[in-house]
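Structure, as structure tokens:
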Amino acid sequence: MSNRSGVRDLGGMAVAAALIVLGGFVFHDTTTYVDVDSKVFPRTVALVMIVCCTIVIVRDLLRPAAAGEAPAPASVPRRLGLVAAMLGSVLVMPWVGILVSGLGAFAALMALAMFDPWTRFRLVVYPLVAVAMVVAFYVLFGQVLQVPLPVGSLFE
Amino acid sequence: MLGIEYLVDALTPTHLLIALLGVVAGTVIGALPGLTATMAVAVLVPFTFSMPTASGLIMMGAIYTGAIYGGAYSAILLNTPGTPSAIATTFDGYPMAKRGDGDLAITIACIASVVGGLVGAAFLLGLSPPLAKVALAFGPVEYFWLAIFGLTLIASLSEANLVKGLAGGCLGLLLSCVGVAEVSADIRLTFGSQTLLGGIEVVGALIGLFCVPVLIDLVGTPERHLKVTGESRGFRLPEALAIAWRGKFNLLRSSLIGTFVGILPGAGGSIASLVSYSEARRASKRTERFGKGEPDGVQASESANNATVGGGFIPTLVLGIPGTPPDAVILGALLVQGVRTGPNLFTEHAAVVYTFIYGLFLATVLMLPMGLLIGRYAYRTIVTVPKAMLVPAVAFMTIIGTYAIRNSIADVVMMILLGVVGWVLNRFDFSPSPIVLGLILGSIAERGFVQAWVLGTATDNVAGMFFGRPISLLIIFFIALSLFYPLLARRWRLKQEAMRVE
């Protein structure tokens, strides 16, 4: 990966700072524990993490790393869309079940990952394959492996 | 002496068929992200109850060994370890696949898995009772240091970012603390959320941190996932065999490390493969190629994790202490079958045990043709499937696979969120591997740390408890070596180059 800021790894420093804050939160959280045995390990680990992250920041301030190669340009909306589609399908799962939410997510992700033109062949075959795959996994997990998959409160 | 007569029992057509079915089922399940070797054995164990004991054991051993190998497919082709023990396989397997050598990487992984599996099974056959004593020599503090050793190893693999690797490992250890504390039942780091009480599920986190970033990158650009070569190159078996022969010492060393680490209950394939990978890199003349698609890295990781299968059975069968989680499931199945494990097992139930061990050899050998066939199909599928089908299919697999672990929607949400966090962290050189390993080893590390702390406090000798035991000191020495060796080696290399210039 790269130090994309050119001279200073600002992103790396920001992540390190966020981890220092997290370490501070862990320290604060340990004050609510009743038993000392629960505190000793997270406190020690948080301390080590804070020390490591401080080193990351100080090292970069004193001796900035050479700039690495910048990442290739990529579509941010598609990336955000992927996360939104995955999260959305999971959040509606209790109501519509895994089969419907899975089909919805599959369709949305297929559209997001499609960079070629939608030909007539693709318009017919891709959705059919998508349905076949979702149903196959549904049967594998639900019937063969006996995983109690969510049916959805709307269909119960 | 070694129950050779039971070899004949293991070679009956029924046992051959059972071993074959077990290997295929295990390989397919292990290849799916979310379905681990433990789950593969646990799900299929009821089928063995109606079988004779030896046949049932052969089936379970075959499923287990196939699942450990199957984890390599998704590690190589999707940068997602199918099982935690395949984490180190991603380091070089995925770069090989990206440059168009995924088929070669899979064949190398198959050969290495077979070699590792055979070495582990050979130790199980010949040296079980004496080796089982090793497991008893490890106390809580040794397990704590062993977990820390695993973390320092993975951090030290990224030479330039050792400190970031250590910080990532600490983050993983803290994530393992989320939920109800194992030692004293305090509720920790849950932000008041009920859903976090159960903690962060390890396999779901592994899928999120490794697989979701790949999906995020895949969907952003129109380029193909893996480089495709025009002509079909078959299994590339001669090429892979030549590489295996060239790396024969690496294979043997990694298999021995895998067997030894497998003997230690709880340590498991993830530490074994990391230790082997690190040792292979240290000993190699091509150190700089590791992490960029070096076949020796795939060999080291895969031979070690399959050697843990045989190694893990040693304490399971001799002491009744399961070496790995799948061993615990198999131990339960043995008890259901009325077989009591212990030092007398090899004499009282010789027919069952030796037939099982020879069955394990059989399953491992069968893994070669079956693994190559399934691997070839998996490779061709991944490289030829259009991105518009690959992305949703893998995404759906991660969702349903994560859900299946604990039947929890919250686990799936956590998997996706960790994936996004992992993608961001990875962009700034905080690799996901130490985070995942910290999460995996967190409970072992904390249990050992707290027990040693309590004992040390009670005896007023905390320092002596942590730093005064011979095995601990040996592991601490290796920790120091793993942390400082890369720096010393680089300094020495620069000095040598400077001298050459002069």
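Labeling convention for the structure tokens: chains A, B, ... as they appear, residues from 1 per chain, ligands from 1 in order of appearance.
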**Asked** Ile216 in chain B: which residues within 8 Å, counting only C-alpha atoms, same-chain residues fewer than 4 positions away excluded, as a ChimeraX atom specification?
**Response** /A:79,82-83 /B:212,220,423
task = Mind checking which residues fall within 12 Å of Leu215 in chain B, counting only C-alpha atoms, ignoring those fewer than 6 positions away in the same chain, and posting them as a ChimeraX atom specification?
result = /A:78-83,86,109,112-113 /B:78-80,207-209,221,225,387-398,416,419-420,422-423
Exercise: Leu418 in chain B partners within 12 Å, only C-alpha atoms, chain neighbours under 3 positions left out, as a ChimeraX atom specification: /A:83,87 /B:171-172,175,200-213,411-415,421-426,432,435-436
Resulting file, chosen residues, C-alpha atoms, as a PDB file, in the first residue's frame:
```pdb
ATOM      1  CA  VAL A  83     -21.598  -1.649   0.967  1.00  0.00           C
ATOM      2  CA  LEU A  87     -25.950  -3.826   4.522  1.00  0.00           C
TER       3      LEU A  87
ATOM      4  CA  LEU B 171      -6.589  -4.091  17.876  1.00  0.00           C
ATOM      5  CA  GLY B 172      -7.460  -7.748  17.168  1.00  0.00           C
ATOM      6  CA  LEU B 175     -11.762  -6.993  19.592  1.00  0.00           C
ATOM      7  CA  ILE B 200     -17.263 -10.730  17.784  1.00  0.00           C
ATOM      8  CA  GLU B 201     -17.464 -13.976  15.857  1.00  0.00           C
ATOM      9  CA  VAL B 202     -13.992 -14.898  14.613  1.00  0.00           C
ATOM     10  CA  VAL B 203     -14.829 -16.490  11.260  1.00  0.00           C
ATOM     11  CA  GLY B 204     -17.289 -13.724  10.384  1.00  0.00           C
ATOM     12  CA  ALA B 205     -14.620 -11.142  11.205  1.00  0.00           C
ATOM     13  CA  LEU B 206     -12.111 -13.066   9.090  1.00  0.00           C
ATOM     14  CA  ILE B 207     -14.495 -13.067   6.124  1.00  0.00           C
ATOM     15  CA  GLY B 208     -15.213  -9.373   6.564  1.00  0.00           C
ATOM     16  CA  LEU B 209     -11.617  -8.248   6.943  1.00  0.00           C
ATOM     17  CA  PHE B 210     -10.323 -10.323   4.027  1.00  0.00           C
ATOM     18  CA  CYS B 211     -13.201 -10.723   1.585  1.00  0.00           C
ATOM     19  CA  VAL B 212     -15.210  -7.479   1.753  1.00  0.00           C
ATOM     20  CA  PRO B 213     -12.163  -5.307   0.854  1.00  0.00           C
ATOM     21  CA  ASP B 411     -22.792 -11.133  12.980  1.00  0.00           C
ATOM     22  CA  VAL B 412     -23.407 -10.397   9.289  1.00  0.00           C
ATOM     23  CA  VAL B 413     -23.716  -6.650   9.939  1.00  0.00           C
ATOM     24  CA  MET B 414     -20.492  -6.816  11.979  1.00  0.00           C
ATOM     25  CA  MET B 415     -18.791  -8.730   9.156  1.00  0.00           C
ATOM     26  CA  VAL B 421     -12.902  -0.762   8.415  1.00  0.00           C
ATOM     27  CA  GLY B 422     -10.409  -3.340   7.104  1.00  0.00           C
ATOM     28  CA  TRP B 423     -10.458  -1.744   3.643  1.00  0.00           C
ATOM     29  CA  VAL B 424      -9.733   1.703   5.122  1.00  0.00           C
ATOM     30  CA  LEU B 425      -6.992   0.376   7.425  1.00  0.00           C
ATOM     31  CA  ASN B 426      -5.385  -1.595   4.601  1.00  0.00           C
ATOM     32  CA  PRO B 432      -5.868  -7.215   8.152  1.00  0.00           C
ATOM     33  CA  ILE B 435      -6.042  -7.993  13.346  1.00  0.00           C
ATOM     34  CA  VAL B 436      -7.613 -11.342  12.488  1.00  0.00           C
TER      35      VAL B 436
END
```
Nearby residues (only C-alpha atoms) at most 7 Å from range 373-383 of chain B, same-chain spacing under 5 positions excluded, as an mmCIF file with C-alpha atoms, in the first residue's frame:
```cif
data_model
loop_
_atom_site.group_PDB
_atom_site.id
_atom_site.type_symbol
_atom_site.label_atom_id
_atom_site.label_comp_id
_atom_site.auth_asym_id
_atom_site.auth_seq_id
_atom_site.Cartn_x
_atom_site.Cartn_y
_atom_site.Cartn_z
ATOM 1 C CA TYR B 73 -8.920 -22.283 -2.805
ATOM 2 C CA GLY B 102 -3.581 -19.302 -9.775
ATOM 3 C CA ASP B 103 -3.670 -22.773 -11.343
ATOM 4 C CA ILE B 106 -3.549 -24.470 -6.379
ATOM 5 C CA LEU B 226 -7.391 -12.328 -12.018
ATOM 6 C CA VAL B 228 -6.281 -14.709 -17.660
ATOM 7 C CA PHE B 235 -2.840 -28.855 -13.836
#
```
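Between CA of Thr44 in chain A and CA of Thr195 in chain B there is a distance of 25.6 Å.
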From the list B:Glu497, B:Glu446, B:Leu20, B:Arg427, the nearest residue to Gly12 in chain A using only C-alpha atoms is B:Arg427
Self-check item: Shell of 12 Å around range 91-98 of chain A, only C-alpha atoms, local chain residues under 3 positions omitted, as an NGL selection string
Solution: (:A and (84-88 or 101-106 or 134-135 or 137-139 or 141-142 or 147-156)) or (:B and (396-397 or 399-401 or 403-404 or 407-414 or 416))
Which polymer residues have any atom within 10 Å of an atom of Gly320 in chain B, counting only C-alpha atoms, with same-chain residues fewer than 6 positions away left out, as a short mmCIF file (atom, residue, chain, number, x, y, z; two decimals) with N, CA and C atoms, in the first residue's frame?
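The file below, result.cif, is the result:
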```cif
data_model
loop_
_atom_site.label_atom_id
_atom_site.label_comp_id
_atom_site.auth_asym_id
_atom_site.auth_seq_id
_atom_site.Cartn_x
_atom_site.Cartn_y
_atom_site.Cartn_z
N PHE B 313 -4.28 -34.88 16.36
CA PHE B 313 -4.86 -36.14 16.83
C PHE B 313 -4.01 -36.79 17.92
N ILE B 314 -2.73 -36.39 18.02
CA ILE B 314 -1.84 -37.05 19.00
C ILE B 314 -2.33 -36.81 20.43
N ASP B 327 -10.83 -31.58 16.30
CA ASP B 327 -10.48 -32.75 17.12
C ASP B 327 -11.46 -32.92 18.28
N ALA B 328 -11.92 -31.78 18.83
CA ALA B 328 -12.87 -31.84 19.94
C ALA B 328 -14.18 -32.49 19.48
N LEU B 331 -13.51 -36.12 19.05
CA LEU B 331 -13.40 -36.74 20.37
C LEU B 331 -14.79 -37.06 20.92
N ARG B 340 -13.04 -45.00 24.49
CA ARG B 340 -12.48 -44.10 25.50
C ARG B 340 -11.03 -43.81 25.16
N THR B 341 -10.71 -42.54 24.99
CA THR B 341 -9.33 -42.19 24.62
C THR B 341 -8.44 -42.23 25.86
N GLY B 342 -7.16 -42.36 25.63
CA GLY B 342 -6.19 -42.40 26.73
C GLY B 342 -4.98 -43.22 26.33
N PRO B 343 -4.01 -43.32 27.23
CA PRO B 343 -2.77 -44.02 26.87
C PRO B 343 -2.99 -45.47 26.43
N LEU B 345 -5.44 -46.59 24.65
CA LEU B 345 -6.26 -46.68 23.44
C LEU B 345 -5.57 -47.51 22.36
#
```
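Of the residues under consideration (A:Val144, A:Met133, A:Val90, A:Met114), A:Val90 shows the shortest atom-to-atom contact distance to Leu417 in chain B when counting only C-alpha atoms.
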I'd like the neighbourhood of Ile68 in chain B as a PDB file with C-alpha atoms, in the first residue's frame, where a residue qualifies if any of its atoms comes within 8 Å (using only C-alpha atoms), though same-chain residues fewer than 6 positions away should be ignored.
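Produced file selection.pdb, reproduced below:
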```pdb
ATOM      1  CA  GLY B  26     -14.505 -31.546   3.247  1.00  0.00           C
ATOM      2  CA  THR B  27     -12.747 -29.809   0.352  1.00  0.00           C
ATOM      3  CA  GLY B  30     -13.623 -25.793   3.411  1.00  0.00           C
ATOM      4  CA  ALA B  37     -13.203 -27.416   9.120  1.00  0.00           C
ATOM      5  CA  THR B  83     -10.421 -21.506   7.112  1.00  0.00           C
ATOM      6  CA  SER B  85      -5.366 -21.831   9.005  1.00  0.00           C
ATOM      7  CA  ALA B  86      -5.142 -20.573   5.405  1.00  0.00           C
ATOM      8  CA  ASN B 305      -1.710 -26.520   8.220  1.00  0.00           C
ATOM      9  CA  ASN B 306      -2.379 -30.012   6.898  1.00  0.00           C
TER      10      ASN B 306
END
```
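DSSP secondary structure from the backbone places Gly179, Val180, Ile187 and Arg188 of chain B of range 135-297 of chain B in strand (DSSP E or B).
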Of B:Pro369, B:Gly117, B:Gly291, B:Gly82, the one sitting nearest Leu32 in chain B when using only C-alpha atoms is B:Gly82
